[in-house]
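One file, data28.txt, is given below (compact mmCIF, C-alpha atoms).
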```
# COMPACT_ATOMS: atom_id res chain seq x y z
CA MET C 269 6.79 -24.84 28.88
CA LYS C 270 6.60 -26.36 25.42
CA ASP C 271 9.76 -25.84 23.40
CA LYS C 272 8.63 -23.93 20.33
CA ARG C 273 11.97 -23.89 18.60
CA ILE C 274 12.33 -25.76 15.33
CA THR C 275 14.86 -25.72 12.49
CA VAL C 276 14.16 -24.03 9.17
CA GLN C 277 14.07 -27.53 7.61
CA GLN C 278 11.36 -28.61 10.06
CA ALA C 279 9.42 -25.44 9.29
CA GLY C 280 9.58 -26.16 5.56
CA ALA C 281 8.34 -29.72 6.13
CA MET C 282 5.21 -28.38 7.85
CA VAL C 283 4.00 -26.83 4.60
CA PRO C 284 2.52 -29.55 2.37
CA ASP C 285 1.82 -29.27 -1.35
CA ASN C 286 -1.55 -27.60 -2.04
CA ALA C 287 -1.53 -25.78 1.32
CA THR C 288 -2.94 -22.29 1.87
CA VAL C 289 -0.14 -20.22 3.38
CA MET C 290 0.06 -16.65 4.61
CA VAL C 291 3.48 -15.05 4.22
CA GLY C 292 4.34 -11.80 6.04
CA GLY C 293 6.36 -8.91 4.66
CA PHE C 294 5.93 -5.73 2.65
CA ILE C 295 7.96 -5.58 -0.58
CA GLY C 296 10.76 -7.57 1.00
CA VAL C 297 10.80 -5.81 4.40
CA GLY C 298 9.91 -7.97 7.42
CA ALA C 299 9.49 -11.16 5.41
CA PRO C 300 10.40 -14.74 6.48
CA ASP C 301 12.86 -15.13 3.61
CA HIS C 302 14.76 -18.08 5.11
CA ILE C 303 11.60 -20.18 5.41
CA THR C 304 10.44 -19.35 1.88
CA ASP C 305 13.98 -20.18 0.67
CA GLU C 306 13.54 -23.57 2.33
CA LEU C 307 10.25 -24.05 0.44
CA VAL C 308 12.16 -23.27 -2.75
CA ARG C 309 14.80 -25.88 -1.82
CA ARG C 310 12.10 -28.47 -1.08
CA GLY C 311 10.14 -27.66 -4.23
CA THR C 312 6.80 -27.46 -2.36
CA LYS C 313 4.19 -26.93 -5.05
CA ASP C 314 0.62 -25.91 -5.92
CA LEU C 315 0.46 -23.47 -3.01
CA THR C 316 -2.17 -20.84 -2.41
CA VAL C 317 -0.20 -17.90 -1.05
CA ILE C 318 -1.76 -14.96 0.78
CA ALA C 319 0.62 -12.02 1.08
CA ASN C 320 0.72 -8.27 0.47
CA ASP C 321 2.90 -8.66 -2.63
CA THR C 322 5.22 -11.14 -4.37
CA SER C 323 8.39 -9.24 -3.42
CA PHE C 324 11.03 -8.64 -6.08
CA PRO C 325 12.41 -11.13 -8.60
CA GLY C 326 15.11 -13.16 -6.85
CA LEU C 327 13.96 -12.37 -3.29
CA GLY C 328 11.62 -14.20 -0.91
CA LEU C 329 8.31 -15.05 -2.59
CA GLY C 330 9.81 -13.79 -5.84
CA LYS C 331 11.90 -16.99 -6.00
CA MET C 332 8.80 -19.16 -5.50
CA VAL C 333 7.04 -17.30 -8.31
CA GLU C 334 9.99 -17.95 -10.65
CA ARG C 335 9.86 -21.68 -9.83
CA ARG C 336 6.09 -21.78 -10.33
CA GLN C 337 5.36 -23.09 -6.85
CA ILE C 338 2.38 -20.77 -6.41
CA LYS C 339 -0.82 -21.76 -8.21
CA LYS C 340 -2.98 -19.07 -6.61
CA PHE C 341 -1.97 -15.72 -5.15
CA ILE C 342 -4.19 -13.50 -3.01
CA GLY C 343 -2.69 -10.08 -2.33
CA THR C 344 -2.84 -6.33 -2.91
CA HIS C 345 -0.04 -5.45 -5.31
CA ILE C 346 2.13 -7.33 -7.80
CA GLY C 347 3.80 -4.37 -9.49
CA THR C 348 7.26 -5.07 -8.01
CA ASN C 349 7.46 -8.50 -9.61
CA PRO C 350 6.81 -8.53 -13.38
CA GLU C 351 6.99 -12.34 -13.47
CA THR C 352 3.81 -12.55 -11.36
CA GLY C 353 2.02 -10.30 -13.84
CA ARG C 354 3.30 -12.39 -16.73
CA GLN C 355 2.11 -15.68 -15.19
CA MET C 356 -1.25 -14.11 -14.41
CA SER C 357 -1.71 -12.82 -17.97
CA ALA C 358 -0.65 -16.20 -19.39
CA GLY C 359 -3.23 -17.97 -17.23
CA GLU C 360 -0.51 -19.83 -15.30
CA MET C 361 -1.29 -18.29 -11.93
CA ASP C 362 -4.65 -17.34 -10.49
CA VAL C 363 -4.33 -13.89 -8.91
CA THR C 364 -6.93 -12.22 -6.70
CA LEU C 365 -6.27 -8.58 -5.79
CA ILE C 366 -7.79 -7.07 -2.66
CA PRO C 367 -7.45 -3.50 -1.31
CA GLN C 368 -4.68 -3.50 1.29
CA GLY C 369 -6.76 -2.18 4.16
CA THR C 370 -9.52 -4.65 3.37
CA MET C 371 -7.13 -7.59 3.26
CA VAL C 372 -5.73 -6.95 6.71
CA GLU C 373 -9.24 -6.51 8.16
CA LYS C 374 -10.37 -9.79 6.55
CA MET C 375 -7.49 -11.43 8.43
CA ARG C 376 -8.47 -9.68 11.64
CA ALA C 377 -12.04 -10.98 11.22
CA ALA C 378 -10.75 -14.54 10.72
CA GLY C 379 -8.52 -14.35 13.77
CA TYR C 380 -10.84 -12.49 16.11
CA GLY C 381 -14.07 -14.42 15.67
CA LEU C 382 -15.92 -11.93 13.48
CA GLY C 383 -18.23 -12.91 10.62
CA GLY C 384 -16.79 -10.21 8.38
CA VAL C 385 -16.16 -6.48 8.20
CA LEU C 386 -18.04 -3.57 6.63
CA THR C 387 -15.96 -1.12 4.60
CA GLY C 388 -16.63 1.63 2.09
CA THR C 389 -13.40 0.80 0.27
CA GLY C 390 -14.07 -0.71 -3.15
CA LEU C 391 -17.65 0.52 -3.58
CA GLY C 392 -18.31 1.41 -7.22
CA THR C 393 -15.31 -0.63 -8.41
CA LEU C 394 -14.55 -4.17 -9.62
CA VAL C 395 -13.88 -5.09 -5.98
CA ALA C 396 -17.60 -4.77 -5.20
CA GLU C 397 -18.71 -7.22 -7.90
CA GLY C 398 -20.67 -10.13 -6.48
CA LYS C 399 -20.47 -8.83 -2.92
CA GLN C 400 -23.29 -8.04 -0.54
CA THR C 401 -23.67 -4.40 0.49
CA VAL C 402 -25.07 -3.29 3.81
CA TRP C 403 -26.54 0.09 4.77
CA VAL C 404 -25.75 1.39 8.26
CA ASN C 405 -27.02 4.79 9.41
CA GLY C 406 -27.53 5.94 5.83
CA LYS C 407 -24.10 4.85 4.55
CA GLU C 408 -23.39 1.98 2.20
CA TYR C 409 -20.66 -0.57 2.96
CA LEU C 410 -19.29 -3.70 1.36
CA LEU C 411 -19.47 -6.87 3.41
CA GLU C 412 -16.02 -8.46 3.30
CA GLU C 413 -15.73 -11.99 4.61
CA PRO C 414 -12.98 -13.41 6.87
CA LEU C 415 -9.73 -14.62 5.30
CA GLY C 416 -7.86 -17.34 7.16
CA ALA C 417 -5.18 -19.94 6.34
CA GLU C 418 -3.80 -23.25 7.53
CA ILE C 419 -0.34 -21.86 8.10
CA ALA C 420 1.24 -18.42 8.50
CA LEU C 421 4.95 -17.86 7.96
CA ILE C 422 5.83 -14.58 9.61
CA TYR C 423 8.86 -12.54 10.61
CA GLY C 424 9.93 -11.22 14.03
CA THR C 425 12.89 -9.05 14.95
CA LYS C 426 13.27 -10.46 18.45
CA VAL C 427 11.32 -13.41 19.83
CA ASP C 428 11.47 -14.91 23.33
CA GLU C 429 11.19 -18.63 23.99
CA ALA C 430 7.51 -18.23 24.93
CA GLY C 431 6.87 -16.81 21.44
CA ASN C 432 6.43 -13.16 22.39
CA VAL C 433 7.46 -11.07 19.40
CA TYR C 434 9.08 -7.62 19.25
CA TYR C 435 9.43 -5.61 16.04
CA GLU C 436 11.78 -2.93 14.78
CA GLY C 437 10.71 -0.25 12.30
CA THR C 438 8.25 -1.04 9.53
CA THR C 439 8.64 -4.82 9.80
CA ARG C 440 5.28 -5.39 11.55
CA ASN C 441 3.13 -4.86 8.44
CA PHE C 442 0.96 -7.97 7.80
CA ASN C 443 2.88 -10.20 10.23
CA VAL C 444 0.74 -9.16 13.21
CA MET C 445 -2.68 -10.01 11.77
CA MET C 446 -1.42 -13.15 10.01
CA SER C 447 -0.45 -14.45 13.46
CA ARG C 448 -4.16 -14.21 14.38
CA ALA C 449 -5.62 -15.53 11.14
CA ALA C 450 -3.80 -18.86 10.65
CA LYS C 451 -4.23 -22.15 12.50
CA THR C 452 -0.48 -22.78 12.74
CA VAL C 453 1.92 -19.84 13.03
CA ILE C 454 5.66 -20.11 12.47
CA VAL C 455 7.81 -17.06 13.20
CA GLU C 456 11.23 -16.56 11.65
CA ALA C 457 13.22 -14.72 14.33
CA GLU C 458 16.28 -12.61 13.74
CA GLU C 459 17.13 -13.22 17.37
CA VAL C 460 15.71 -15.59 19.99
CA VAL C 461 16.09 -14.60 23.65
CA PRO C 462 15.19 -16.40 26.90
CA VAL C 463 11.87 -15.63 28.60
CA GLY C 464 12.33 -12.25 30.27
CA GLY C 465 14.46 -11.01 27.40
CA ILE C 466 11.57 -8.89 26.10
CA ASP C 467 9.86 -6.44 28.47
CA PRO C 468 6.12 -7.33 28.43
CA ASN C 469 5.50 -3.62 27.71
CA HIS C 470 7.26 -4.03 24.37
CA VAL C 471 5.58 -7.23 23.17
CA VAL C 472 3.78 -6.68 19.83
CA ILE C 473 2.49 -10.24 19.29
CA PRO C 474 1.63 -12.13 22.49
CA GLY C 475 3.34 -15.53 22.53
CA ILE C 476 0.06 -17.48 22.61
CA PHE C 477 -0.34 -16.71 18.89
CA ILE C 478 3.00 -18.31 18.02
CA ASP C 479 3.30 -22.08 17.59
CA TYR C 480 6.87 -22.43 16.35
CA ILE C 481 10.03 -20.33 16.28
CA VAL C 482 12.81 -20.57 13.71
CA GLU C 483 15.97 -18.70 14.60
CA VAL C 484 18.05 -17.47 11.70
CA ALA C 485 21.24 -15.47 11.95
CA ASN C 486 21.64 -12.22 10.02
CA ASN C 487 18.17 -12.13 8.59
CA GLY C 488 18.15 -9.79 5.63
CA MET B 1327 10.81 23.23 -18.95
CA ASP B 1328 12.10 19.65 -19.24
CA LYS B 1329 10.16 16.68 -17.85
CA HIS B 1330 12.04 16.70 -14.55
CA GLU B 1331 11.42 20.41 -13.98
CA MET B 1332 7.79 19.97 -14.95
CA GLN B 1333 7.31 17.20 -12.41
CA ARG B 1334 8.98 19.26 -9.70
CA ALA B 1335 6.74 22.22 -10.53
CA ILE B 1336 3.67 20.02 -10.03
CA ALA B 1337 5.05 18.73 -6.72
CA GLN B 1338 5.83 22.28 -5.57
CA ARG B 1339 2.23 23.31 -6.20
CA VAL B 1340 0.99 20.23 -4.32
CA ALA B 1341 3.03 21.19 -1.25
CA GLN B 1342 1.19 24.54 -1.08
CA GLU B 1343 -1.89 22.58 -0.02
CA PHE B 1344 -0.18 21.28 3.15
CA CYS B 1345 -0.95 22.94 6.48
CA ASP B 1346 1.08 22.72 9.67
CA GLY B 1347 0.31 19.49 11.54
CA ASN B 1348 -1.33 17.72 8.56
CA VAL B 1349 -1.12 13.96 8.16
CA VAL B 1350 -0.18 13.41 4.50
CA ASN B 1351 0.28 10.26 2.44
CA LEU B 1352 2.27 10.64 -0.79
CA GLY B 1353 2.07 8.09 -3.59
CA ILE B 1354 5.03 7.06 -5.68
CA GLY B 1355 6.29 9.20 -8.58
CA ILE B 1356 5.40 12.90 -8.78
CA PRO B 1357 3.47 12.91 -5.45
CA SER B 1358 6.55 11.72 -3.53
CA LEU B 1359 8.50 14.79 -4.75
CA ALA B 1360 6.16 17.10 -2.79
CA ALA B 1361 8.04 16.25 0.44
CA ASP B 1362 10.95 18.37 -0.89
CA PHE B 1363 8.83 21.55 -0.92
CA VAL B 1364 7.47 21.66 2.62
CA PRO B 1365 8.38 25.01 4.23
CA GLU B 1366 10.81 24.70 7.14
CA ASP B 1367 8.37 26.06 9.70
CA THR B 1368 5.67 23.55 8.71
CA MET B 1369 5.53 20.17 10.44
CA ILE B 1370 3.92 17.44 8.37
CA TYR B 1371 3.30 13.85 9.51
CA PHE B 1372 4.10 11.89 6.37
CA GLN B 1373 2.33 8.54 6.56
CA SER B 1374 3.46 5.44 4.69
CA GLU B 1375 0.81 2.74 4.56
CA ASN B 1376 3.29 -0.03 5.35
CA GLY B 1377 3.32 1.26 8.93
CA ILE B 1378 4.99 4.60 9.66
CA LEU B 1379 3.96 8.12 10.64
CA GLY B 1380 6.64 10.79 10.65
CA THR B 1381 8.60 9.44 7.73
CA GLY B 1382 11.92 11.28 7.39
CA PRO B 1383 14.28 11.78 4.47
CA SER B 1384 16.27 9.02 2.78
CA PRO B 1385 19.30 7.99 4.83
CA ALA B 1386 22.83 8.71 3.61
CA ALA B 1387 24.38 5.90 1.58
CA GLY B 1388 25.62 3.20 3.96
CA CYS B 1389 23.35 4.38 6.81
CA GLU B 1390 20.23 2.49 5.72
CA ASP B 1391 18.35 0.52 8.39
CA LYS B 1392 16.97 -2.66 6.79
CA HIS B 1393 13.99 -2.48 9.15
CA ILE B 1394 12.78 0.94 7.98
CA ALA B 1395 11.32 1.45 4.50
CA ASN B 1396 8.47 3.36 2.90
CA ALA B 1397 5.54 1.83 1.02
CA GLY B 1398 7.63 1.78 -2.15
CA GLY B 1399 10.20 -0.43 -0.42
CA LYS B 1400 12.76 2.39 -0.35
CA ALA B 1401 14.95 2.90 2.75
CA VAL B 1402 13.80 5.93 4.75
CA THR B 1403 14.30 7.35 8.24
CA VAL B 1404 11.86 8.13 11.00
CA LEU B 1405 11.64 11.56 12.65
CA PRO B 1406 11.75 11.96 16.45
CA TYR B 1407 7.98 12.51 16.59
CA GLY B 1408 7.28 9.44 14.42
CA ALA B 1409 5.69 6.08 15.17
CA PHE B 1410 5.57 2.57 13.74
CA PHE B 1411 2.51 0.31 13.59
CA ASP B 1412 1.11 -2.71 11.75
CA SER B 1413 -1.03 -2.75 8.59
CA SER B 1414 -4.30 -2.89 10.55
CA ASP B 1415 -3.50 0.29 12.50
CA SER B 1416 -2.14 1.88 9.34
CA PHE B 1417 -5.38 1.39 7.45
CA GLY B 1418 -7.40 2.29 10.52
CA ILE B 1419 -5.62 5.64 10.32
CA ILE B 1420 -6.40 5.83 6.60
CA ARG B 1421 -10.00 4.55 6.48
CA GLY B 1422 -10.88 6.23 9.76
CA GLY B 1423 -10.42 9.71 8.32
CA HIS B 1424 -7.19 10.53 10.18
CA VAL B 1425 -5.24 11.32 6.99
CA ASP B 1426 -5.76 14.96 5.98
CA ILE B 1427 -4.40 14.74 2.45
CA THR B 1428 -3.55 11.87 0.13
CA VAL B 1429 -1.69 12.65 -3.10
CA LEU B 1430 -1.71 10.09 -5.91
CA GLY B 1431 -0.99 9.79 -9.59
CA ALA B 1432 -3.67 8.78 -12.08
CA LEU B 1433 -4.13 7.03 -15.38
CA GLN B 1434 -7.49 8.80 -15.78
CA VAL B 1435 -9.64 11.15 -13.72
CA ASP B 1436 -13.03 12.51 -14.70
CA GLU B 1437 -15.64 15.24 -14.19
CA ALA B 1438 -17.35 13.38 -11.36
CA GLY B 1439 -14.12 12.98 -9.39
CA ASN B 1440 -13.79 9.33 -10.41
CA LEU B 1441 -10.25 7.98 -10.41
CA ALA B 1442 -8.64 5.12 -12.37
CA ASN B 1443 -5.07 4.23 -11.44
CA TRP B 1444 -4.69 0.53 -10.66
CA ILE B 1445 -5.27 -1.56 -13.78
CA ILE B 1446 -5.16 -1.49 -17.56
CA PRO B 1447 -6.99 -4.74 -18.33
CA GLY B 1448 -4.91 -7.14 -20.39
CA LYS B 1449 -1.85 -4.88 -20.27
CA LEU B 1450 -0.77 -3.73 -16.86
CA VAL B 1451 -2.07 -5.04 -13.56
CA PRO B 1452 0.03 -3.70 -10.69
CA GLY B 1453 -2.89 -3.97 -8.25
CA MET B 1454 -4.53 -1.36 -6.08
CA GLY B 1455 -2.26 -1.77 -3.06
CA GLY B 1456 -3.47 0.82 -0.56
CA ALA B 1457 -4.85 3.27 -3.14
CA MET B 1458 -8.54 2.36 -2.82
CA ASP B 1459 -8.48 2.75 0.97
CA LEU B 1460 -6.50 6.01 0.77
CA VAL B 1461 -8.85 7.58 -1.74
CA CYS B 1462 -11.94 6.54 0.22
CA GLY B 1463 -10.59 7.44 3.65
CA ALA B 1464 -8.54 10.62 3.34
CA LYS B 1465 -10.22 13.96 3.98
CA LYS B 1466 -8.78 15.48 0.80
CA VAL B 1467 -7.71 13.62 -2.33
CA ILE B 1468 -5.29 15.38 -4.65
CA ILE B 1469 -4.32 13.95 -8.02
CA ALA B 1470 -0.86 15.11 -9.10
CA MET B 1471 0.05 14.16 -12.65
CA GLU B 1472 1.17 15.34 -16.05
CA HIS B 1473 -1.77 16.85 -17.91
CA THR B 1474 -1.62 14.37 -20.79
CA ALA B 1475 -0.08 10.97 -21.53
CA LYS B 1476 1.76 10.94 -24.86
CA GLY B 1477 -0.37 13.90 -25.91
CA LYS B 1478 -3.68 12.21 -25.04
CA PRO B 1479 -5.97 13.74 -22.41
CA LYS B 1480 -6.11 12.10 -18.96
CA ILE B 1481 -8.80 14.40 -17.57
CA LEU B 1482 -11.89 12.92 -19.18
CA ARG B 1483 -15.67 13.27 -19.27
CA GLN B 1484 -15.86 9.74 -17.92
CA CYS B 1485 -13.11 7.29 -16.99
CA THR B 1486 -12.92 4.30 -19.34
CA LEU B 1487 -10.57 2.18 -17.19
CA PRO B 1488 -11.78 0.30 -14.08
CA LEU B 1489 -12.15 2.73 -11.19
CA THR B 1490 -10.06 2.97 -8.05
CA ALA B 1491 -12.91 4.85 -6.40
CA ALA B 1492 -16.04 6.70 -7.45
CA GLY B 1493 -16.41 10.41 -6.78
CA GLN B 1494 -13.62 10.81 -4.23
CA VAL B 1495 -11.17 13.20 -5.96
CA ASN B 1496 -11.15 16.80 -4.67
CA MET B 1497 -8.37 18.45 -6.66
CA ILE B 1498 -6.30 17.84 -9.80
CA ILE B 1499 -2.89 19.48 -10.13
CA THR B 1500 -0.97 19.31 -13.41
CA GLU B 1501 1.89 21.31 -14.92
CA LYS B 1502 -0.70 23.38 -16.78
CA CYS B 1503 -3.39 24.09 -14.23
CA VAL B 1504 -5.40 23.26 -11.12
CA PHE B 1505 -8.96 21.92 -11.14
CA GLU B 1506 -11.20 21.61 -8.14
CA VAL B 1507 -13.91 18.96 -8.20
CA THR B 1508 -17.22 20.43 -7.05
CA GLN B 1509 -20.88 19.41 -7.07
CA ASP B 1510 -21.21 21.44 -10.28
CA GLY B 1511 -18.33 19.57 -11.93
CA LEU B 1512 -14.74 20.60 -12.53
CA VAL B 1513 -13.75 24.19 -11.85
CA LEU B 1514 -10.54 25.57 -13.35
CA THR B 1515 -9.02 27.65 -10.55
CA GLU B 1516 -5.43 28.23 -11.70
CA ILE B 1517 -3.50 28.40 -14.95
CA SER B 1518 0.28 28.07 -14.81
CA ASN B 1519 2.34 30.87 -16.24
CA GLY B 1520 3.22 30.03 -19.85
CA TYR B 1521 0.00 28.18 -20.66
CA THR B 1522 -3.19 29.59 -22.12
CA ALA B 1523 -6.84 28.83 -21.47
CA GLU B 1524 -7.03 27.63 -25.06
CA ASP B 1525 -4.16 25.19 -24.55
CA ILE B 1526 -5.91 23.71 -21.52
CA ARG B 1527 -9.20 23.45 -23.42
CA ASN B 1528 -7.45 21.59 -26.25
CA THR B 1529 -5.77 19.05 -23.97
CA THR B 1530 -8.65 18.41 -21.55
CA GLU B 1531 -11.53 16.19 -22.65
CA ALA B 1532 -13.69 16.97 -19.62
CA ASP B 1533 -16.04 19.90 -19.46
CA TYR B 1534 -15.22 22.46 -16.79
CA ILE B 1535 -16.21 25.86 -15.49
CA LEU B 1536 -13.82 28.81 -15.22
CA SER B 1537 -13.53 30.03 -11.67
CA PRO B 1538 -14.36 33.72 -11.26
CA LEU B 1539 -11.23 33.84 -9.09
CA LEU B 1540 -8.98 32.25 -11.73
CA ASN B 1541 -5.31 32.66 -10.83
CA ILE B 1542 -2.19 32.66 -12.95
CA ARG B 1543 0.43 30.49 -11.25
CA GLU B 1544 4.02 31.61 -11.56
CA VAL B 1545 6.25 28.56 -11.98
CA GLY B 1546 9.93 28.17 -11.16
```
Could I get this file's structure written as structure tokens?
Amino acid sequence: MKDKRITVQQAGAMVPDNATVMVGGFIGVGAPDHITDELVRRGTKDLTVIANDTSFPGLGLGKMVERRQIKKFIGTHIGTNPETGRQMSAGEMDVTLIPQGTMVEKMRAAGYGLGGVLTGTGLGTLVAEGKQTVWVNGKEYLLEEPLGAEIALIYGTKVDEAGNVYYEGTTRNFNVMMSRAAKTVIVEAEEVVPVGGIDPNHVVIPGIFIDYIVEVANNG
Amino acid sequence: MDKHEMQRAIAQRVAQEFCDGNVVNLGIGIPSLAADFVPEDTMIYFQSENGILGTGPSPAAGCEDKHIANAGGKAVTVLPYGAFFDSSDSFGIIRGGHVDITVLGALQVDEAGNLANWIIPGKLVPGMGGAMDLVCGAKKVIIAMEHTAKGKPKILRQCTLPLTAAGQVNMIITEKCVFEVTQDGLVLTEISNGYTAEDIRNTTEADYILSPLLNIREVG
């Protein structure tokens, strides 16, 4: 079996400047903060980041926003980080906002071989501008296209050496679909256990979706 | 009534809409206060769009679990009948019509049940987060808000801000009154004790019909 374990430094080195990167987490919960901290240390720049939000100032993606490492952000909500809003208003960061349920389905489409999804969310709003609509059985839907990335940086509570991931609480959020939607998936694990350490009944992300595992102690 | 009491009075009225066994999603601010007014014999599945059904009260200080938070990022607990899931399942629950009631705040709401609550162009751009999906997918959409903002009406003939969704609002609850959104437009169904029909007319831009069953709501 291929050894999927790498160091946080190796993980950081896999993200080049100008890359398109998905980053898991929901307002700081279930986010790969050690890997994004490594990107801060390395000064990786001009990134396109796809994530639910930009966390809080001083935490996770919030630090990358402060250091202007993100040139384009695609997400659902930036209200918890005023610096993101400031950079957007000043024209320093390109921000695209997508309804949360639509964003996760766009990822699912990218990861599961679908040409897009049809949703009623966003009809009659700015979200619908420039998009094709489709009528099915008398109801109108927006056609939303797949959203993929070169790399996904995700979080896992417990990960076995085959890459199977187990989650506690509300930490699953976008991590699960990002593992499907990106070509290379790196999971930051709070704990790594040998194969057999996670009951197959409790696996949330099957290990085939995980390329690399970074173990960090005391993940916050 | 001070501002705090006023907000709690709105939340208390919101909670009267909940029925035993309902799946309810509460937005931040005034809507979130409604959880405090659920009768003891009523079981509600509070849903948080970050991935939890059966959200419980805030934990005691020092007892927070870093893995369990609500959609506002605040530490919460999970009740014994609760469940965790990822963002795709969460929005499947929402878009799929499995949420009975969603309660949100508003910047503006209008006669046609249009809602604006995610952007003030050029000023404030928090993003829509899950609001567009919630408003489109929930069976009943309740707007819970103060009747005016700095004395200016928020219940308008037509929203002027970009919409969150078109024609999805079912009910508007403020400290002064309750409106139901019908095919004939807004219907004033309740006036809170201490307010007059004239006061509501003077602080509501929208046209509305008086319900023949108009109630006076006792507050406090």
Note to self: What are the residues of chain C lining chain B at 9 Å or less? Count all atoms listed in the file, and put the answer as a VMD selection string.
What the structure shows: chain C and resid 294 to 298 320 to 321 343 to 350 353 357 365 to 370 372 to 373 376 387 to 394 425 435 to 445 488
Next item on the list: Could you check which of C:Glu456, C:Glu334, C:Ala450, C:Ala430 is closest to Met269 of chain C, using all atoms listed in the file?
Entry: C:Ala430
Next item on the list: Using all atoms listed in the file, determine which residues lie at most 10 Å from segment 380-384 of chain C, disregarding the query and same-chain residues fewer than 6 positions distant; provide the list as a list in words.
Entry: Glu373, Lys374, Leu410, Leu411, Glu412, Glu413, Pro414, Leu415, Met445, Arg448 and Ala449 of chain C
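Counting from atom CA of Ile478 of chain C, the distance to atom CA of Asn432 of chain C is 7.6 Å.
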Notebook entry, point to check: Which one of C:Val276, C:Val289, C:Val385, C:Ile422 sits closest to Arg309 of chain C if you count all atoms listed in the file?
Noted result: C:Val276
Margin query: Report, in Å to a single decimal, how far apart atom CA of Lys1478 of chain B and atom CA of Leu1433 of chain B are.
Written below: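 Computing it gives 11.0 Å between the two atoms.
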Item checked: Pick from B:Thr1522, B:Gln1333, B:Thr1381, B:Gln1434 nearest to Glu1472 of chain B, counting all atoms listed in the file -> B:Gln1333
Residue contacts of Arg335 of chain C (12 Å, only C-alpha atoms) excluding same-chain residues fewer than 5 positions away, as a PDB file with C-alpha atoms, in the frame of the given file:
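Okay, part_25.pdb is ready:
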```pdb
ATOM      1  CA  THR C 304      10.440 -19.350   1.880  1.00  0.00           C
ATOM      2  CA  ASP C 305      13.980 -20.180   0.670  1.00  0.00           C
ATOM      3  CA  LEU C 307      10.250 -24.050   0.440  1.00  0.00           C
ATOM      4  CA  VAL C 308      12.160 -23.270  -2.750  1.00  0.00           C
ATOM      5  CA  ARG C 309      14.800 -25.880  -1.820  1.00  0.00           C
ATOM      6  CA  ARG C 310      12.100 -28.470  -1.080  1.00  0.00           C
ATOM      7  CA  GLY C 311      10.140 -27.660  -4.230  1.00  0.00           C
ATOM      8  CA  THR C 312       6.800 -27.460  -2.360  1.00  0.00           C
ATOM      9  CA  LYS C 313       4.190 -26.930  -5.050  1.00  0.00           C
ATOM     10  CA  ASP C 314       0.620 -25.910  -5.920  1.00  0.00           C
ATOM     11  CA  LEU C 315       0.460 -23.470  -3.010  1.00  0.00           C
ATOM     12  CA  PRO C 325      12.410 -11.130  -8.600  1.00  0.00           C
ATOM     13  CA  GLY C 326      15.110 -13.160  -6.850  1.00  0.00           C
ATOM     14  CA  GLY C 328      11.620 -14.200  -0.910  1.00  0.00           C
ATOM     15  CA  LEU C 329       8.310 -15.050  -2.590  1.00  0.00           C
ATOM     16  CA  GLY C 330       9.810 -13.790  -5.840  1.00  0.00           C
ATOM     17  CA  GLU C 351       6.990 -12.340 -13.470  1.00  0.00           C
ATOM     18  CA  THR C 352       3.810 -12.550 -11.360  1.00  0.00           C
ATOM     19  CA  GLN C 355       2.110 -15.680 -15.190  1.00  0.00           C
ATOM     20  CA  GLU C 360      -0.510 -19.830 -15.300  1.00  0.00           C
ATOM     21  CA  MET C 361      -1.290 -18.290 -11.930  1.00  0.00           C
TER      22      MET C 361
END
```
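Taking all atoms listed in the file into account, Glu459 of chain C lies nearest to C:Arg273 out of the set C:Gln400, C:Met356, C:Glu306, C:Arg273.
Take atom CA of Gly1511 of chain B and atom CA of Leu1540 of chain B: the distance between them is 15.8 Å.
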Next item on the list: Find the residues near Val482 of chain C: any atom within 12 Å, counting only C-alpha atoms, skip ones fewer than 5 places away on the same chain, and give them as a PyMOL selection string.
Entry: chain C and resi 271-280+300-303+306+421-429+431+453-460+487
Any chance you can output those residues with C-alpha atoms as a compact mmCIF listing (two decimals), in the frame of the given file?
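out09.txt, freshly written:
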```
# COMPACT_ATOMS: atom_id res chain seq x y z
CA ASP C 271 9.76 -25.84 23.40
CA LYS C 272 8.63 -23.93 20.33
CA ARG C 273 11.97 -23.89 18.60
CA ILE C 274 12.33 -25.76 15.33
CA THR C 275 14.86 -25.72 12.49
CA VAL C 276 14.16 -24.03 9.17
CA GLN C 277 14.07 -27.53 7.61
CA GLN C 278 11.36 -28.61 10.06
CA ALA C 279 9.42 -25.44 9.29
CA GLY C 280 9.58 -26.16 5.56
CA PRO C 300 10.40 -14.74 6.48
CA ASP C 301 12.86 -15.13 3.61
CA HIS C 302 14.76 -18.08 5.11
CA ILE C 303 11.60 -20.18 5.41
CA GLU C 306 13.54 -23.57 2.33
CA LEU C 421 4.95 -17.86 7.96
CA ILE C 422 5.83 -14.58 9.61
CA TYR C 423 8.86 -12.54 10.61
CA GLY C 424 9.93 -11.22 14.03
CA THR C 425 12.89 -9.05 14.95
CA LYS C 426 13.27 -10.46 18.45
CA VAL C 427 11.32 -13.41 19.83
CA ASP C 428 11.47 -14.91 23.33
CA GLU C 429 11.19 -18.63 23.99
CA GLY C 431 6.87 -16.81 21.44
CA VAL C 453 1.92 -19.84 13.03
CA ILE C 454 5.66 -20.11 12.47
CA VAL C 455 7.81 -17.06 13.20
CA GLU C 456 11.23 -16.56 11.65
CA ALA C 457 13.22 -14.72 14.33
CA GLU C 458 16.28 -12.61 13.74
CA GLU C 459 17.13 -13.22 17.37
CA VAL C 460 15.71 -15.59 19.99
CA ASN C 487 18.17 -12.13 8.59
```
